[in-house]
Amino acid sequence: MKYIALVLASFFCLTTVLAQQNNSFDQAKNLHLTLQKSSSTNDFISELIDMDIHPNVSFFTAAVFVDAPFSGNLQYQINGAEWQSLERYHEATRTDRAIFELIFLPNESITIKFKSDQNIDAGLSVRSLTLASTKLLNDPIAQLQEDCNCTQPEFCGRNCWCPTGDCPTDATPVATAPTHIIVHHSASASMSNDFPAVVRSYWDFHVNVNGWDDIGYNWLIDGEGVIYEGRGSGTQGAHFSCMNNQTTGICMIGNFENSTPTQAAITSLENLIAWEACDKTIVPGGSSNHITSGSLLNHISGHRDGNDLPSSCTNTVCPGANLYPLLQGIRERVTDKACLNDLVDVEDIEQPNFQIFPNPSYGYFQLSGDLNQIAALNIYSQTGQQIAFKFNQNGSLALRKSGLYFLKIMQKNGAAKIHKLIVQPAP
Ligand SMILES: [Zn+2]
């Protein structure tokens, strides 16, 4: 069959569905393409995919992947125009599937085909989505007030970006207490006529192509500065190169390798980081050991800052050449926010140091210093799980099992610092 229609429903059917289901017609279709050797070049070329126009569709997406080891290069061609390179998906963590960046296609009569510089025995898989317009939906943007000096900025919750309820949350979410905020870009769709539909398309890509339990990010921000709740606050996401525990991931929607974030998006990012920092006691200009990676990391980092860490499973330019250099200014402006005045970096204040000895030990540690300044103590395992322990008024604490632990000392003046504890096996 020479032509495969991505959108099979006729105009009549779609308008009927619209009237009956109030826009609940994001349509997914899975295609499997075989590539044919070109008669004139060394390339392997797919059949032409033909998409149908429809006025109530905001745009199409195509997620392309190969279910086999594949080291070749792919290109795609829209409407017979220039071939464009298709990059590997920058957040991909699967080893059994070569996944490429999501392609966004405008809603107009369109054809697309693919070309590879290598033969692909397994064939090329394409999951295409027809994104229904979200414009007619008027779900309110939620606003939460938390017990924190910084107000949580308004956001578009899941009911807002996925009003049909077809984008469920992770059925078994893992709670985490973030110590680090990781900034990303989505590497696609800097501009859109329907950003809620863009968020839905990421949800589908992350769940149905990457195999994650939910959209990867905790939060997303579009070019107009609208904040979208992904996994939300205090839930472990899938975004930081297999080191997700104790992080929260904020994705700036757009490709900031080749475009620049808008001022509206940066302002929303700073407001969101300020609230997260306030709520989670994260000093925005500071750095500390990130427990999961066991490495020193700025509290506000870009995804690429994880590249060289020993536990990293990816290598990425995320959040892009035009966003990454803005992070230092973002740290400084967030630090200057009046609502974070009580949160002081441990490095900046006069304070009695806490000493911990012996360290390593066989399970008993003695803290010395001005113990009256301690507001709270938490101990985490290497995988970020909070650990129960015994702490006595004289500053001694006990841990039962051998291993590497992280002790977070939060002080009454707002400072917080993480110390490594090593418990040796009993002799
Ligand atoms: Zn990223």
# chains A, B, ... in the order shown; residues from 1 in each chain; ligands from 1
$ residues_near_ligand --ligand "ligand 1" --cutoff "7 Å" --atoms "only C-alpha atoms and all ligand atoms" --output "PyMOL selection string"
chain A and resi 90-91+183-186+239-240+303+318-319
$ select_by_dssp --residues "segment 275-416 of chain A" --states "alpha helix (DSSP H)" --output "mmCIF file with N, CA and C atoms, in the first residue's frame"
data_model
loop_
_atom_site.group_PDB
_atom_site.id
_atom_site.type_symbol
_atom_site.label_atom_id
_atom_site.label_comp_id
_atom_site.auth_asym_id
_atom_site.auth_seq_id
_atom_site.Cartn_x
_atom_site.Cartn_y
_atom_site.Cartn_z
ATOM 1 N N TRP A 275 9.387 28.842 44.902
ATOM 2 C CA TRP A 275 8.434 28.120 45.752
ATOM 3 C C TRP A 275 8.965 26.737 46.124
ATOM 4 N N GLU A 276 9.529 26.017 45.155
ATOM 5 C CA GLU A 276 10.089 24.685 45.456
ATOM 6 C C GLU A 276 11.209 24.812 46.497
ATOM 7 N N ALA A 277 12.068 25.825 46.322
ATOM 8 C CA ALA A 277 13.184 26.014 47.250
ATOM 9 C C ALA A 277 12.669 26.297 48.656
ATOM 10 N N CYS A 278 11.668 27.139 48.734
ATOM 11 C CA CYS A 278 11.069 27.512 50.012
ATOM 12 C C CYS A 278 10.402 26.291 50.658
ATOM 13 N N ASP A 279 9.630 25.578 49.857
ATOM 14 C CA ASP A 279 8.856 24.442 50.358
ATOM 15 C C ASP A 279 9.745 23.273 50.779
ATOM 16 N N LYS A 280 10.859 23.077 50.067
ATOM 17 C CA LYS A 280 11.707 21.907 50.318
ATOM 18 C C LYS A 280 13.010 22.276 51.056
ATOM 19 N N LEU A 327 21.407 29.862 33.808
ATOM 20 C CA LEU A 327 21.104 29.292 35.132
ATOM 21 C C LEU A 327 21.739 30.093 36.268
ATOM 22 N N GLN A 328 22.954 30.629 36.057
ATOM 23 C CA GLN A 328 23.593 31.364 37.150
ATOM 24 C C GLN A 328 22.781 32.616 37.506
ATOM 25 N N GLY A 329 22.304 33.331 36.488
ATOM 26 C CA GLY A 329 21.460 34.496 36.748
ATOM 27 C C GLY A 329 20.160 34.100 37.445
ATOM 28 N N ILE A 330 19.617 32.957 37.065
ATOM 29 C CA ILE A 330 18.379 32.457 37.691
ATOM 30 C C ILE A 330 18.634 32.151 39.168
ATOM 31 N N ARG A 331 19.772 31.494 39.472
ATOM 32 C CA ARG A 331 20.120 31.209 40.886
ATOM 33 C C ARG A 331 20.192 32.516 41.680
ATOM 34 N N GLU A 332 20.827 33.530 41.075
ATOM 35 C CA GLU A 332 21.026 34.788 41.808
ATOM 36 C C GLU A 332 19.705 35.521 42.019
ATOM 37 N N ARG A 333 18.869 35.565 40.984
ATOM 38 C CA ARG A 333 17.591 36.285 41.132
ATOM 39 C C ARG A 333 16.658 35.563 42.095
ATOM 40 N N VAL A 334 16.677 34.220 42.082
ATOM 41 C CA VAL A 334 15.842 33.480 43.041
ATOM 42 C C VAL A 334 16.352 33.728 44.465
ATOM 43 N N THR A 335 17.678 33.719 44.635
ATOM 44 C CA THR A 335 18.267 33.969 45.961
ATOM 45 C C THR A 335 17.831 35.325 46.500
#
$ atom_distance --atom1 "atom CA of Ala274 of chain A" --atom2 "atom CA of Met243 of chain A"
22.6 Å
$ residues_around --residues "segment 65-76 of chain A" --least-positions-apart "6" --cutoff "7 Å" --atoms "only C-alpha atoms" --output "list of chain:residue names"
A:Trp83, A:Gln84, A:Ser85, A:Leu86, A:Asp96, A:Arg97, A:Ala98, A:Ile99, A:Phe100, A:Ile112, A:Lys113, A:Phe114, A:Lys115, A:Ser116, A:Asp117, A:Gln118, A:Ala122, A:Gly123, A:Leu124, A:Ser125, A:Val126
$ atom_distance --atom1 "atom CA of Ala132 of chain A" --atom2 "atom CA of Asp194 of chain A"
9.2 Å
$ select_by_dssp --residues "segment 36-229 of chain A" --states "strand (DSSP E or B)" --output "compact mmCIF listing (two decimals) with N, CA and C atoms, in the first residue's frame"
# COMPACT_ATOMS: atom_id res chain seq x y z
N GLN A 36 13.03 0.59 1.91
CA GLN A 36 13.51 0.02 0.64
C GLN A 36 14.80 0.71 0.24
N LYS A 37 15.74 -0.09 -0.29
CA LYS A 37 17.00 0.48 -0.77
C LYS A 37 16.71 1.44 -1.92
N PHE A 44 18.16 4.01 2.61
CA PHE A 44 16.97 3.14 2.69
C PHE A 44 15.79 4.05 3.02
N ILE A 45 14.75 3.99 2.20
CA ILE A 45 13.69 5.00 2.27
C ILE A 45 12.35 4.33 2.55
N ILE A 49 3.98 8.65 4.14
CA ILE A 49 2.82 8.66 5.03
C ILE A 49 2.02 9.91 4.76
N ASP A 50 0.74 9.74 4.60
CA ASP A 50 -0.14 10.84 4.21
C ASP A 50 -1.06 11.17 5.38
N MET A 51 -1.10 12.43 5.77
CA MET A 51 -1.96 12.83 6.88
C MET A 51 -3.12 13.68 6.36
N VAL A 57 -8.04 19.78 14.76
CA VAL A 57 -6.78 19.18 15.18
C VAL A 57 -5.75 20.30 15.32
N SER A 58 -5.07 20.35 16.46
CA SER A 58 -4.06 21.41 16.65
C SER A 58 -2.79 21.11 15.87
N PHE A 59 -2.34 19.86 15.95
CA PHE A 59 -1.12 19.46 15.23
C PHE A 59 -1.02 17.94 15.31
N PHE A 60 -0.05 17.40 14.59
CA PHE A 60 0.26 15.97 14.67
C PHE A 60 1.63 15.80 15.31
N THR A 61 1.85 14.63 15.91
CA THR A 61 3.22 14.28 16.31
C THR A 61 3.56 12.91 15.73
N ALA A 62 4.84 12.68 15.54
CA ALA A 62 5.32 11.36 15.13
C ALA A 62 6.50 11.01 16.01
N ALA A 63 6.36 9.91 16.75
CA ALA A 63 7.47 9.38 17.58
C ALA A 63 8.05 8.20 16.82
N VAL A 64 9.34 8.28 16.51
CA VAL A 64 9.98 7.28 15.66
C VAL A 64 10.96 6.48 16.51
N PHE A 65 10.92 5.15 16.36
CA PHE A 65 11.86 4.32 17.13
C PHE A 65 12.15 3.02 16.39
N VAL A 66 13.24 2.39 16.80
CA VAL A 66 13.65 1.09 16.25
C VAL A 66 13.78 0.13 17.41
N LEU A 74 18.95 8.82 10.96
CA LEU A 74 17.65 8.94 10.31
C LEU A 74 17.42 10.38 9.87
N GLN A 75 16.69 10.51 8.77
CA GLN A 75 16.23 11.82 8.34
C GLN A 75 14.75 11.72 8.00
N TYR A 76 14.08 12.87 7.99
CA TYR A 76 12.67 12.86 7.58
C TYR A 76 12.42 14.02 6.64
N GLN A 77 11.37 13.86 5.85
CA GLN A 77 11.05 14.84 4.82
C GLN A 77 9.56 15.14 4.88
N ILE A 78 9.23 16.43 5.04
CA ILE A 78 7.83 16.85 5.11
C ILE A 78 7.44 17.50 3.79
N TRP A 83 15.36 17.29 3.27
CA TRP A 83 15.51 16.27 4.32
C TRP A 83 16.06 16.93 5.59
N GLN A 84 15.53 16.54 6.74
CA GLN A 84 16.01 17.07 8.02
C GLN A 84 16.49 15.93 8.90
N SER A 85 17.57 16.19 9.64
CA SER A 85 18.10 15.16 10.53
C SER A 85 17.15 14.92 11.69
N LEU A 86 17.08 13.69 12.11
CA LEU A 86 16.26 13.34 13.27
C LEU A 86 17.22 12.92 14.38
N ARG A 88 18.58 11.72 18.16
CA ARG A 88 18.20 10.75 19.19
C ARG A 88 17.48 11.48 20.32
N ALA A 98 15.92 2.18 20.15
CA ALA A 98 16.53 3.46 19.73
C ALA A 98 15.39 4.43 19.47
N ILE A 99 15.31 5.48 20.30
CA ILE A 99 14.18 6.41 20.22
C ILE A 99 14.68 7.76 19.72
N PHE A 100 13.90 8.36 18.84
CA PHE A 100 14.28 9.65 18.26
C PHE A 100 13.37 10.75 18.79
N ILE A 103 8.60 14.39 16.63
CA ILE A 103 8.44 15.33 15.52
C ILE A 103 7.05 15.98 15.64
N PHE A 104 7.03 17.31 15.58
CA PHE A 104 5.76 18.04 15.60
C PHE A 104 5.43 18.49 14.18
N LEU A 105 4.22 18.21 13.74
CA LEU A 105 3.80 18.51 12.37
C LEU A 105 2.57 19.40 12.41
N PRO A 106 2.59 20.50 11.68
CA PRO A 106 1.44 21.42 11.70
C PRO A 106 0.20 20.78 11.08
N ILE A 110 -0.44 17.03 4.67
CA ILE A 110 0.98 16.83 4.85
C ILE A 110 1.37 15.40 4.52
N THR A 111 2.57 15.27 4.00
CA THR A 111 3.13 13.92 3.84
C THR A 111 4.47 13.91 4.56
N ILE A 112 4.85 12.74 5.04
CA ILE A 112 6.15 12.60 5.68
C ILE A 112 6.74 11.25 5.27
N LYS A 113 8.03 11.22 5.04
CA LYS A 113 8.70 9.94 4.85
C LYS A 113 10.07 9.99 5.51
N PHE A 114 10.65 8.80 5.67
CA PHE A 114 11.88 8.66 6.45
C PHE A 114 12.96 8.00 5.61
N LYS A 115 14.19 8.32 5.97
CA LYS A 115 15.33 7.76 5.25
C LYS A 115 16.42 7.39 6.26
N SER A 116 17.05 6.25 6.06
CA SER A 116 18.11 5.78 6.95
C SER A 116 19.37 5.54 6.13
N LEU A 124 11.04 0.29 10.89
CA LEU A 124 10.94 1.56 11.62
C LEU A 124 9.54 1.63 12.22
N SER A 125 9.46 1.91 13.53
CA SER A 125 8.16 2.06 14.16
C SER A 125 7.83 3.54 14.29
N VAL A 126 6.60 3.88 13.99
CA VAL A 126 6.15 5.27 14.12
C VAL A 126 4.85 5.28 14.90
N ARG A 127 4.84 5.98 16.04
CA ARG A 127 3.60 6.19 16.76
C ARG A 127 3.17 7.62 16.48
N SER A 128 2.05 7.74 15.78
CA SER A 128 1.59 9.09 15.43
C SER A 128 0.40 9.46 16.30
N LEU A 129 0.32 10.75 16.58
CA LEU A 129 -0.77 11.25 17.41
C LEU A 129 -1.44 12.40 16.68
N THR A 130 -2.75 12.42 16.73
CA THR A 130 -3.53 13.54 16.24
C THR A 130 -4.03 14.28 17.47
N LEU A 131 -3.53 15.49 17.70
CA LEU A 131 -3.87 16.21 18.93
C LEU A 131 -5.08 17.10 18.70
N ALA A 132 -6.15 16.79 19.41
CA ALA A 132 -7.36 17.60 19.32
C ALA A 132 -7.11 18.97 19.92
N ALA A 142 -5.41 25.86 38.45
CA ALA A 142 -5.42 25.68 39.89
C ALA A 142 -4.36 26.56 40.56
N PHE A 155 -0.77 27.14 38.28
CA PHE A 155 -0.37 26.16 37.28
C PHE A 155 -1.59 25.51 36.64
N CYS A 156 -1.35 24.91 35.49
CA CYS A 156 -2.37 24.17 34.76
C CYS A 156 -2.22 22.71 35.17
N ALA A 175 7.43 8.64 46.37
CA ALA A 175 7.65 9.95 46.98
C ALA A 175 9.15 10.22 47.10
N HIS A 180 17.65 18.83 45.07
CA HIS A 180 18.19 19.47 43.87
C HIS A 180 17.08 19.66 42.83
N ILE A 181 17.16 20.80 42.13
CA ILE A 181 16.17 21.13 41.10
C ILE A 181 16.89 21.07 39.76
N ILE A 182 16.38 20.23 38.85
CA ILE A 182 17.06 20.01 37.57
C ILE A 182 16.24 20.68 36.46
N VAL A 183 16.90 21.56 35.71
CA VAL A 183 16.23 22.30 34.64
C VAL A 183 16.50 21.61 33.29
N HIS A 184 15.44 21.43 32.52
CA HIS A 184 15.51 20.76 31.21
C HIS A 184 14.95 21.65 30.11
N HIS A 185 15.22 21.26 28.87
CA HIS A 185 14.38 21.74 27.77
C HIS A 185 13.75 20.51 27.13
N TRP A 219 7.38 19.30 36.47
CA TRP A 219 6.71 20.53 36.02
C TRP A 219 7.17 20.83 34.60
N LEU A 220 6.33 21.54 33.84
CA LEU A 220 6.71 22.02 32.52
C LEU A 220 6.27 23.48 32.42
N ILE A 221 6.99 24.25 31.61
CA ILE A 221 6.66 25.68 31.45
C ILE A 221 6.68 25.99 29.96
N ILE A 227 2.64 27.43 33.60
CA ILE A 227 3.25 26.27 34.27
C ILE A 227 2.27 25.10 34.23
N TYR A 228 2.76 23.93 33.87
CA TYR A 228 1.94 22.71 33.82
C TYR A 228 2.44 21.75 34.89
N GLU A 229 1.51 21.15 35.60
CA GLU A 229 1.89 20.14 36.58
C GLU A 229 2.07 18.80 35.89
$ residues_around --residues "Gly237 of chain A" --least-positions-apart "3" --cutoff "12 Å" --atoms "only C-alpha atoms" --output "JSON, numbers by chain"
{"A": [91, 169, 170, 172, 173, 174, 175, 176, 177, 178, 181, 182, 206, 212, 213, 214, 215, 216, 217, 218, 219, 229, 230, 231, 232, 233, 234, 240, 241, 242, 243, 244, 245, 246, 247, 248, 249, 250, 251]}
$ residues_around --residues "Lys401 of chain A" --least-positions-apart "2" --cutoff "10 Å" --atoms "only C-alpha atoms" --output "PDB file with C-alpha atoms, in the first residue's frame"
ATOM      1  CA  TYR A 362      30.633   0.747  63.376  1.00  0.00           C
ATOM      2  CA  GLY A 363      27.247   2.462  63.698  1.00  0.00           C
ATOM      3  CA  ALA A 398      23.067   5.173  65.985  1.00  0.00           C
ATOM      4  CA  LEU A 399      22.551   3.346  62.694  1.00  0.00           C
ATOM      5  CA  GLY A 403      26.642   1.202  54.323  1.00  0.00           C
ATOM      6  CA  LEU A 404      26.893   4.747  53.053  1.00  0.00           C
ATOM      7  CA  VAL A 423      28.942   2.578  58.717  1.00  0.00           C
ATOM      8  CA  GLN A 424      31.484  -0.224  58.470  1.00  0.00           C
ATOM      9  CA  PRO A 425      30.493  -3.868  58.817  1.00  0.00           C
ATOM     10  CA  ALA A 426      31.013  -5.156  62.342  1.00  0.00           C
TER      11      ALA A 426
END
$ atom_distance --atom1 "atom CA of Met410 of chain A" --atom2 "atom CA of Pro358 of chain A"
20.9 Å
